[in-house]
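Pasting input05.cif here (mmCIF, C-alpha atoms; chains and numbers go by the auth columns):
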```cif
data_model
#
loop_
_atom_site.group_PDB
_atom_site.id
_atom_site.type_symbol
_atom_site.label_atom_id
_atom_site.label_comp_id
_atom_site.label_asym_id
_atom_site.label_seq_id
_atom_site.Cartn_x
_atom_site.Cartn_y
_atom_site.Cartn_z
_atom_site.B_iso_or_equiv
_atom_site.auth_seq_id
_atom_site.auth_asym_id
ATOM 1 C CA MET A 1 -30.213 -4.413 21.665 0.00 199 A
ATOM 2 C CA ARG A 2 -26.776 -3.487 23.019 0.00 200 A
ATOM 3 C CA ALA A 3 -27.085 -5.852 25.953 0.00 201 A
ATOM 4 C CA ALA A 4 -28.221 -8.744 23.737 0.00 202 A
ATOM 5 C CA ALA A 5 -25.371 -8.191 21.259 0.00 203 A
ATOM 6 C CA GLN A 6 -22.866 -7.944 24.106 0.00 204 A
ATOM 7 C CA ARG A 7 -24.137 -11.200 25.643 0.00 205 A
ATOM 8 C CA LEU A 8 -23.970 -12.950 22.272 0.00 206 A
ATOM 9 C CA ARG A 9 -20.400 -11.794 21.649 0.00 207 A
ATOM 10 C CA ASP A 10 -19.363 -12.630 25.222 0.00 208 A
ATOM 11 C CA SER A 11 -20.766 -16.160 24.809 0.00 209 A
ATOM 12 C CA ILE A 12 -18.173 -17.078 22.179 0.00 210 A
ATOM 13 C CA SER A 13 -15.721 -19.511 23.774 0.00 211 A
ATOM 14 C CA ALA A 14 -12.042 -18.559 23.973 0.00 212 A
ATOM 15 C CA ASN A 15 -11.073 -21.296 21.494 0.00 213 A
ATOM 16 C CA GLU A 16 -13.736 -20.317 18.980 0.00 214 A
ATOM 17 C CA LYS A 17 -12.913 -16.619 19.385 0.00 215 A
ATOM 18 C CA LYS A 18 -9.238 -17.278 18.683 0.00 216 A
ATOM 19 C CA LYS A 19 -10.162 -19.154 15.480 0.00 217 A
ATOM 20 C CA LEU A 20 -12.685 -16.510 14.330 0.00 218 A
ATOM 21 C CA ASP A 21 -10.295 -13.644 15.091 0.00 219 A
ATOM 22 C CA ALA A 22 -7.558 -15.327 13.037 0.00 220 A
ATOM 23 C CA GLN A 23 -9.943 -15.700 10.072 0.00 221 A
ATOM 24 C CA ILE A 24 -11.089 -12.070 10.303 0.00 222 A
ATOM 25 C CA ILE A 25 -7.510 -10.809 10.583 0.00 223 A
ATOM 26 C CA SER A 26 -6.440 -12.957 7.626 0.00 224 A
ATOM 27 C CA HIS A 27 -9.158 -11.377 5.472 0.00 225 A
ATOM 28 C CA LEU A 28 -8.059 -7.897 6.572 0.00 226 A
ATOM 29 C CA PHE A 29 -4.390 -8.592 5.792 0.00 227 A
ATOM 30 C CA GLY A 30 -5.281 -9.787 2.277 0.00 228 A
ATOM 31 C CA TRP A 31 -7.587 -6.847 1.530 0.00 229 A
ATOM 32 C CA ASP A 32 -6.322 -4.308 -1.027 0.00 230 A
ATOM 33 C CA VAL A 33 -7.531 -1.316 0.975 0.00 231 A
ATOM 34 C CA TYR A 34 -5.496 -2.399 4.005 0.00 232 A
ATOM 35 C CA LEU A 35 -2.477 -3.316 1.890 0.00 233 A
ATOM 36 C CA HIS A 36 -2.398 0.113 0.226 0.00 234 A
ATOM 37 C CA ALA A 37 -3.131 2.200 3.316 0.00 235 A
ATOM 38 C CA ASP A 38 0.022 3.924 4.579 0.00 236 A
ATOM 39 C CA ILE A 39 -1.649 5.231 7.738 0.00 237 A
ATOM 40 C CA ILE A 40 -4.380 3.344 9.585 0.00 238 A
ATOM 41 C CA PHE A 41 -6.589 4.242 12.500 0.00 239 A
ATOM 42 C CA CYS A 42 -7.537 1.235 14.606 0.00 240 A
ATOM 43 C CA TYR A 43 -9.220 0.866 17.954 0.00 241 A
ATOM 44 C CA VAL A 44 -7.395 -1.084 20.660 0.00 242 A
ATOM 45 C CA SER A 45 -9.534 -4.122 21.426 0.00 243 A
ATOM 46 C CA PHE A 46 -11.151 -4.618 24.791 0.00 244 A
ATOM 47 C CA ARG A 47 -12.882 -7.601 26.371 0.00 245 A
ATOM 48 C CA SER A 48 -14.635 -9.744 23.733 0.00 246 A
ATOM 49 C CA GLU A 49 -13.959 -7.475 20.737 0.00 247 A
ATOM 50 C CA VAL A 50 -12.051 -8.922 17.783 0.00 248 A
ATOM 51 C CA ASP A 51 -8.416 -8.822 18.921 0.00 249 A
ATOM 52 C CA THR A 52 -6.725 -5.867 17.220 0.00 250 A
ATOM 53 C CA ILE A 53 -3.283 -6.213 18.841 0.00 251 A
ATOM 54 C CA PRO A 54 -2.078 -8.524 16.011 0.00 252 A
ATOM 55 C CA ILE A 55 -3.342 -5.935 13.499 0.00 253 A
ATOM 56 C CA LEU A 56 -1.527 -3.075 15.193 0.00 254 A
ATOM 57 C CA MET A 57 1.672 -5.139 15.406 0.00 255 A
ATOM 58 C CA HIS A 58 1.423 -6.293 11.774 0.00 256 A
ATOM 59 C CA ALA A 59 0.874 -2.748 10.525 0.00 257 A
ATOM 60 C CA LEU A 60 3.881 -1.420 12.440 0.00 258 A
ATOM 61 C CA GLU A 61 6.059 -4.348 11.338 0.00 259 A
ATOM 62 C CA HIS A 62 5.109 -3.650 7.707 0.00 260 A
ATOM 63 C CA GLY A 63 6.016 0.030 7.820 0.00 261 A
ATOM 64 C CA LYS A 64 2.554 1.493 8.196 0.00 262 A
ATOM 65 C CA LYS A 65 1.901 4.410 10.492 0.00 263 A
ATOM 66 C CA VAL A 66 -0.607 3.445 13.172 0.00 264 A
ATOM 67 C CA THR A 67 -2.970 5.733 15.037 0.00 265 A
ATOM 68 C CA VAL A 68 -5.155 4.764 17.957 0.00 266 A
ATOM 69 C CA PRO A 69 -7.917 6.584 19.842 0.00 267 A
ATOM 70 C CA LYS A 70 -7.856 8.420 23.130 0.00 268 A
ATOM 71 C CA ILE A 71 -10.769 10.175 24.790 0.00 269 A
ATOM 72 C CA ASP A 72 -10.040 13.616 26.203 0.00 270 A
ATOM 73 C CA GLN A 73 -11.843 13.411 29.530 0.00 271 A
ATOM 74 C CA LYS A 74 -12.189 17.201 29.815 0.00 272 A
ATOM 75 C CA THR A 75 -13.793 17.804 26.414 0.00 273 A
ATOM 76 C CA ARG A 76 -15.312 14.282 26.021 0.00 274 A
ATOM 77 C CA VAL A 77 -13.890 14.217 22.476 0.00 275 A
ATOM 78 C CA MET A 78 -12.035 11.294 20.963 0.00 276 A
ATOM 79 C CA LYS A 79 -8.757 12.044 19.186 0.00 277 A
ATOM 80 C CA SER A 80 -6.241 9.898 17.362 0.00 278 A
ATOM 81 C CA PHE A 81 -2.536 9.603 18.176 0.00 279 A
ATOM 82 C CA LEU A 82 0.410 7.993 16.426 0.00 280 A
ATOM 83 C CA VAL A 83 2.015 5.017 18.135 0.00 281 A
ATOM 84 C CA HIS A 84 5.338 3.441 17.225 0.00 282 A
ATOM 85 C CA ASP A 85 5.756 0.762 19.893 0.00 283 A
ATOM 86 C CA LEU A 86 2.722 -0.815 21.535 0.00 284 A
ATOM 87 C CA GLU A 87 4.509 -1.704 24.762 0.00 285 A
ATOM 88 C CA LYS A 88 6.055 1.739 25.214 0.00 286 A
ATOM 89 C CA ASP A 89 3.281 3.930 23.826 0.00 287 A
ATOM 90 C CA LEU A 90 0.132 2.370 25.334 0.00 288 A
ATOM 91 C CA SER A 91 -1.148 2.089 28.893 0.00 289 A
ATOM 92 C CA PRO A 92 -4.592 1.580 30.505 0.00 290 A
ATOM 93 C CA GLY A 93 -6.757 4.686 30.268 0.00 291 A
ATOM 94 C CA SER A 94 -10.479 5.398 30.134 0.00 292 A
ATOM 95 C CA TYR A 95 -12.553 2.331 30.922 0.00 293 A
ATOM 96 C CA HIS A 96 -9.219 0.452 31.374 0.00 294 A
ATOM 97 C CA ILE A 97 -8.749 0.385 27.594 0.00 295 A
ATOM 98 C CA LEU A 98 -5.188 0.772 26.350 0.00 296 A
ATOM 99 C CA GLU A 99 -4.594 4.349 25.178 0.00 297 A
ATOM 100 C CA PRO A 100 -1.611 6.307 23.860 0.00 298 A
ATOM 101 C CA HIS A 101 0.590 8.113 26.361 0.00 299 A
ATOM 102 C CA SER A 102 0.521 11.901 26.520 0.00 300 A
ATOM 103 C CA THR A 103 3.897 11.920 24.738 0.00 301 A
ATOM 104 C CA CYS A 104 2.327 10.505 21.546 0.00 302 A
ATOM 105 C CA VAL A 105 1.694 12.987 18.728 0.00 303 A
ATOM 106 C CA GLU A 106 -1.834 13.654 17.479 0.00 304 A
ATOM 107 C CA ALA A 107 -2.397 12.269 13.982 0.00 305 A
ATOM 108 C CA ASP A 108 -2.935 14.266 10.808 0.00 306 A
ATOM 109 C CA TYR A 109 -6.464 13.047 10.186 0.00 307 A
ATOM 110 C CA MET A 110 -6.518 13.910 6.503 0.00 308 A
ATOM 111 C CA LYS A 111 -3.663 11.492 5.798 0.00 309 A
ATOM 112 C CA LEU A 112 -5.454 8.409 7.103 0.00 310 A
ATOM 113 C CA GLY A 113 -5.899 5.653 4.549 0.00 311 A
ATOM 114 C CA LEU A 114 -8.212 3.392 6.547 0.00 312 A
ATOM 115 C CA ILE A 115 -10.323 3.589 9.683 0.00 313 A
ATOM 116 C CA ILE A 116 -11.063 0.387 11.598 0.00 314 A
ATOM 117 C CA ALA A 117 -14.009 1.153 13.878 0.00 315 A
ATOM 118 C CA PRO A 118 -15.438 -0.941 16.705 0.00 316 A
ATOM 119 C CA GLY A 119 -19.052 -1.812 17.373 0.00 317 A
ATOM 120 C CA LEU A 120 -21.338 -4.323 19.000 0.00 318 A
ATOM 121 C CA ALA A 121 -23.639 -5.061 16.071 0.00 319 A
ATOM 122 C CA PHE A 122 -23.947 -4.154 12.388 0.00 320 A
ATOM 123 C CA THR A 123 -26.226 -4.499 9.379 0.00 321 A
ATOM 124 C CA ARG A 124 -25.267 -5.403 5.812 0.00 322 A
ATOM 125 C CA SER A 125 -25.987 -1.781 4.927 0.00 323 A
ATOM 126 C CA GLY A 126 -23.254 -0.660 7.320 0.00 324 A
ATOM 127 C CA ASP A 127 -25.326 0.587 10.230 0.00 325 A
ATOM 128 C CA ARG A 128 -23.516 0.124 13.521 0.00 326 A
ATOM 129 C CA VAL A 129 -24.484 0.048 17.154 0.00 327 A
ATOM 130 C CA GLY A 130 -21.640 0.919 19.481 0.00 328 A
ATOM 131 C CA TYR A 131 -21.432 1.197 23.210 0.00 329 A
ATOM 132 C CA GLY A 132 -23.649 4.262 23.532 0.00 330 A
ATOM 133 C CA GLY A 133 -21.087 6.975 24.263 0.00 331 A
ATOM 134 C CA GLY A 134 -21.256 8.547 20.807 0.00 332 A
ATOM 135 C CA TYR A 135 -17.479 9.023 20.661 0.00 333 A
ATOM 136 C CA TYR A 136 -16.995 7.116 17.414 0.00 334 A
ATOM 137 C CA ASP A 137 -20.032 8.605 15.678 0.00 335 A
ATOM 138 C CA HIS A 138 -18.726 12.106 16.389 0.00 336 A
ATOM 139 C CA PHE A 139 -15.225 11.080 15.291 0.00 337 A
ATOM 140 C CA LEU A 140 -16.431 9.341 12.108 0.00 338 A
ATOM 141 C CA HIS A 141 -18.802 12.180 11.254 0.00 339 A
ATOM 142 C CA MET A 142 -15.833 14.570 11.295 0.00 340 A
ATOM 143 C CA PHE A 143 -14.088 12.406 8.687 0.00 341 A
ATOM 144 C CA LYS A 144 -17.126 12.073 6.459 0.00 342 A
ATOM 145 C CA GLU A 145 -17.534 15.873 6.461 0.00 343 A
ATOM 146 C CA LYS A 146 -13.877 16.612 5.725 0.00 344 A
ATOM 147 C CA ASN A 147 -12.970 13.672 3.510 0.00 345 A
ATOM 148 C CA GLY A 148 -15.648 11.142 2.690 0.00 346 A
ATOM 149 C CA ASN A 149 -13.082 9.107 0.744 0.00 347 A
ATOM 150 C CA ILE A 150 -11.455 7.526 3.793 0.00 348 A
ATOM 151 C CA PRO A 151 -12.844 3.979 3.956 0.00 349 A
ATOM 152 C CA ILE A 152 -14.310 2.891 7.275 0.00 350 A
ATOM 153 C CA CYS A 153 -14.440 -0.805 8.067 0.00 351 A
ATOM 154 C CA ALA A 154 -15.546 -2.892 11.023 0.00 352 A
ATOM 155 C CA LEU A 155 -14.329 -6.246 12.281 0.00 353 A
ATOM 156 C CA VAL A 156 -17.356 -8.294 13.266 0.00 354 A
ATOM 157 C CA TYR A 157 -18.440 -11.878 13.804 0.00 355 A
ATOM 158 C CA ASP A 158 -21.078 -12.999 11.280 0.00 356 A
ATOM 159 C CA ARG A 159 -23.514 -13.766 14.116 0.00 357 A
ATOM 160 C CA LEU A 160 -23.544 -10.048 15.050 0.00 358 A
ATOM 161 C CA ILE A 161 -24.836 -8.876 11.675 0.00 359 A
ATOM 162 C CA TYR A 162 -28.548 -8.115 11.857 0.00 360 A
ATOM 163 C CA ASN A 163 -31.207 -7.240 9.295 0.00 361 A
ATOM 164 C CA CYS A 164 -32.138 -4.032 11.105 0.00 362 A
ATOM 165 C CA LEU A 165 -30.776 -2.030 14.023 0.00 363 A
ATOM 166 C CA PRO A 166 -32.122 0.955 15.962 0.00 364 A
ATOM 167 C CA VAL A 167 -29.876 3.711 14.624 0.00 365 A
ATOM 168 C CA LYS A 168 -30.136 7.479 14.847 0.00 366 A
ATOM 169 C CA GLU A 169 -29.768 10.088 12.125 0.00 367 A
ATOM 170 C CA ASN A 170 -26.294 11.093 13.354 0.00 368 A
ATOM 171 C CA ASP A 171 -24.984 7.497 13.463 0.00 369 A
ATOM 172 C CA VAL A 172 -22.245 7.001 10.874 0.00 370 A
ATOM 173 C CA PRO A 173 -22.344 3.732 8.912 0.00 371 A
ATOM 174 C CA VAL A 174 -19.254 1.768 7.937 0.00 372 A
ATOM 175 C CA ASP A 175 -18.274 1.117 4.330 0.00 373 A
ATOM 176 C CA TYR A 176 -17.036 -2.453 4.789 0.00 374 A
ATOM 177 C CA LEU A 177 -17.613 -5.370 7.125 0.00 375 A
ATOM 178 C CA ILE A 178 -14.811 -7.868 7.677 0.00 376 A
ATOM 179 C CA THR A 179 -16.028 -11.149 9.129 0.00 377 A
ATOM 180 C CA GLU A 180 -14.718 -14.675 9.443 0.00 378 A
ATOM 181 C CA THR A 181 -16.210 -15.384 5.992 0.00 379 A
ATOM 182 C CA GLY A 182 -14.737 -12.431 4.084 0.00 380 A
ATOM 183 C CA VAL A 183 -14.726 -8.730 3.290 0.00 381 A
ATOM 184 C CA PHE A 184 -18.091 -7.273 2.356 0.00 382 A
ATOM 185 C CA HIS A 185 -18.954 -3.930 0.821 0.00 383 A
ATOM 186 C CA THR A 186 -21.896 -2.506 2.673 0.00 384 A
ATOM 187 C CA GLN A 187 -24.977 -1.702 0.651 0.00 385 A
ATOM 188 C CA ARG A 188 -24.260 1.989 1.215 0.00 386 A
ATOM 189 C CA ASN A 189 -21.010 1.520 -0.672 0.00 387 A
ATOM 190 C CA ASP A 190 -22.637 1.294 -4.107 0.00 388 A
ATOM 191 C CA ASP A 191 -19.815 2.839 -6.121 0.00 389 A
ATOM 192 C CA GLU A 192 -17.482 -0.166 -5.897 0.00 390 A
#
```

Can the structure in the file be given as structure tokens, please?
Amino acid sequence: MRAAAQRLRDSISANEKKKLDAQIISHLFGWDVYLHADIIFCYVSFRSEVDTIPILMHALEHGKKVTVPKIDQKTRVMKSFLVHDLEKDLSPGSYHILEPHSTCVEADYMKLGLIIAPGLAFTRSGDRVGYGGGYYDHFLHMFKEKNGNIPICALVYDRLIYNCLPVKENDVPVDYLITETGVFHTQRNDDE
């Protein structure tokens, strides 16, 4: 499943990807949850993922506090750190993904207003398949235990939303999907 989703996402041409990313980002920027979040957690995009650099820049330019992930290679735990300047605060780290420098301060997780999580494939009910490391599921599970009110969204191309995915009991679903066609509450998010 992972390999098929990765191939499908990788097959999107550069021109189409640029157009789809712009539509997804536009929907995010117009979304009330994003607009009202003072502190956001967002992955730093890699390879064929939806480009998050414009999101990180927009958030900083609009006075939001921005946190990004970093994997502690000794403990194999993902943590979140505040960044203030993308050029100064980020450099290639694990898997050659941009990560915060050691001088960045770890975030106060309970103050986050929005989590933007990555993934390869999703369902309308919010199930997600990531890259197989389990870093995000562990990270997201911590938030759900401590404060289930922090909304979790994913940026995804419509073609990577499936009817069913092979998920495990400890996989953490997202609350919202943001695609090129809009913002969608997942079916698990029944209260809104």

Go through the shown structure with the PyMOL selection byres ((chain A and resi 371) around 7) and write out the matching residues as a list in words.
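Applying the PyMOL selection byres ((chain A and resi 371) around 7) to the structure shown produces Gly324, Asp325, Arg326, Asp369, Val370, Val372 and Asp373 of chain A.
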
I need the residues from that last selection saved to file as a PDB file, in the coordinates of the input (with C-alpha atoms), if you can.
```
ATOM      1  CA  GLY A 324     -23.254  -0.660   7.320  1.00  0.00           C
ATOM      2  CA  ASP A 325     -25.326   0.587  10.230  1.00  0.00           C
ATOM      3  CA  ARG A 326     -23.516   0.124  13.521  1.00  0.00           C
ATOM      4  CA  ASP A 369     -24.984   7.497  13.463  1.00  0.00           C
ATOM      5  CA  VAL A 370     -22.245   7.001  10.874  1.00  0.00           C
ATOM      6  CA  VAL A 372     -19.254   1.768   7.937  1.00  0.00           C
ATOM      7  CA  ASP A 373     -18.274   1.117   4.330  1.00  0.00           C
TER       8      ASP A 373
END
```

Using only C-alpha atoms, determine which residues lie at most 12 Å from Asp283 in chain A, disregarding the query and same-chain residues fewer than 6 positions distant; provide the list as an MDAnalysis selection string.
chainID A and resid 251 254:259 263:266 289 298:299 302

Keeping only C-alpha atoms, write those residues as a short mmCIF file (atom, residue, chain, number, x, y, z; two decimals), keeping the file's coordinate frame.
```cif
data_model
loop_
_atom_site.label_atom_id
_atom_site.label_comp_id
_atom_site.auth_asym_id
_atom_site.auth_seq_id
_atom_site.Cartn_x
_atom_site.Cartn_y
_atom_site.Cartn_z
CA ILE A 251 -3.28 -6.21 18.84
CA LEU A 254 -1.53 -3.08 15.19
CA MET A 255 1.67 -5.14 15.41
CA HIS A 256 1.42 -6.29 11.77
CA ALA A 257 0.87 -2.75 10.52
CA LEU A 258 3.88 -1.42 12.44
CA GLU A 259 6.06 -4.35 11.34
CA LYS A 263 1.90 4.41 10.49
CA VAL A 264 -0.61 3.44 13.17
CA THR A 265 -2.97 5.73 15.04
CA VAL A 266 -5.16 4.76 17.96
CA SER A 289 -1.15 2.09 28.89
CA PRO A 298 -1.61 6.31 23.86
CA HIS A 299 0.59 8.11 26.36
CA CYS A 302 2.33 10.50 21.55
#
```

Resolved residues for the PyMOL selection byres ((chain A and resi 378) around 8) as a PDB file with C-alpha atoms, keeping the file's coordinate frame:
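The new file expr_31.pdb reads:
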```pdb
ATOM      1  CA  LEU A 218     -12.685 -16.510  14.330  1.00  0.00           C
ATOM      2  CA  ASP A 219     -10.295 -13.644  15.091  1.00  0.00           C
ATOM      3  CA  GLN A 221      -9.943 -15.700  10.072  1.00  0.00           C
ATOM      4  CA  ILE A 222     -11.089 -12.070  10.303  1.00  0.00           C
ATOM      5  CA  HIS A 225      -9.158 -11.377   5.472  1.00  0.00           C
ATOM      6  CA  VAL A 354     -17.356  -8.294  13.266  1.00  0.00           C
ATOM      7  CA  TYR A 355     -18.440 -11.878  13.804  1.00  0.00           C
ATOM      8  CA  ASP A 356     -21.078 -12.999  11.280  1.00  0.00           C
ATOM      9  CA  ILE A 376     -14.811  -7.868   7.677  1.00  0.00           C
ATOM     10  CA  THR A 377     -16.028 -11.149   9.129  1.00  0.00           C
ATOM     11  CA  THR A 379     -16.210 -15.384   5.992  1.00  0.00           C
ATOM     12  CA  GLY A 380     -14.737 -12.431   4.084  1.00  0.00           C
TER      13      GLY A 380
END
```

Name the residues in contact with Lys215 in chain A at a cut-off of 10 Å, using all atoms listed in the file, excluding same-chain residues fewer than 4 positions from it; report them as a compact mmCIF listing (two decimals) with C-alpha atoms, in the coordinates of the input.
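Written output follows (part26.txt):
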```txt
# COMPACT_ATOMS: atom_id res chain seq x y z
CA ARG A 207 -20.40 -11.79 21.65
CA ASP A 208 -19.36 -12.63 25.22
CA SER A 209 -20.77 -16.16 24.81
CA ILE A 210 -18.17 -17.08 22.18
CA SER A 211 -15.72 -19.51 23.77
CA ASP A 219 -10.30 -13.64 15.09
CA ALA A 220 -7.56 -15.33 13.04
CA GLN A 221 -9.94 -15.70 10.07
CA SER A 246 -14.64 -9.74 23.73
CA GLU A 247 -13.96 -7.48 20.74
CA VAL A 248 -12.05 -8.92 17.78
CA ASP A 249 -8.42 -8.82 18.92
CA TYR A 355 -18.44 -11.88 13.80
```

I'd like the contact shell of Cys362 in chain A - 12 Å cut-off, all atoms listed in the file, skipping same-chain residues fewer than 6 positions apart - returned as a PDB file with C-alpha atoms, keeping the file's coordinate frame.
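What ended up in selection28.pdb:
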```pdb
ATOM      1  CA  MET A 199     -30.213  -4.413  21.665  1.00  0.00           C
ATOM      2  CA  ALA A 319     -23.639  -5.061  16.071  1.00  0.00           C
ATOM      3  CA  PHE A 320     -23.947  -4.154  12.388  1.00  0.00           C
ATOM      4  CA  THR A 321     -26.226  -4.499   9.379  1.00  0.00           C
ATOM      5  CA  ARG A 322     -25.267  -5.403   5.812  1.00  0.00           C
ATOM      6  CA  SER A 323     -25.987  -1.781   4.927  1.00  0.00           C
ATOM      7  CA  GLY A 324     -23.254  -0.660   7.320  1.00  0.00           C
ATOM      8  CA  ASP A 325     -25.326   0.587  10.230  1.00  0.00           C
ATOM      9  CA  ARG A 326     -23.516   0.124  13.521  1.00  0.00           C
ATOM     10  CA  VAL A 327     -24.484   0.048  17.154  1.00  0.00           C
TER      11      VAL A 327
END
```
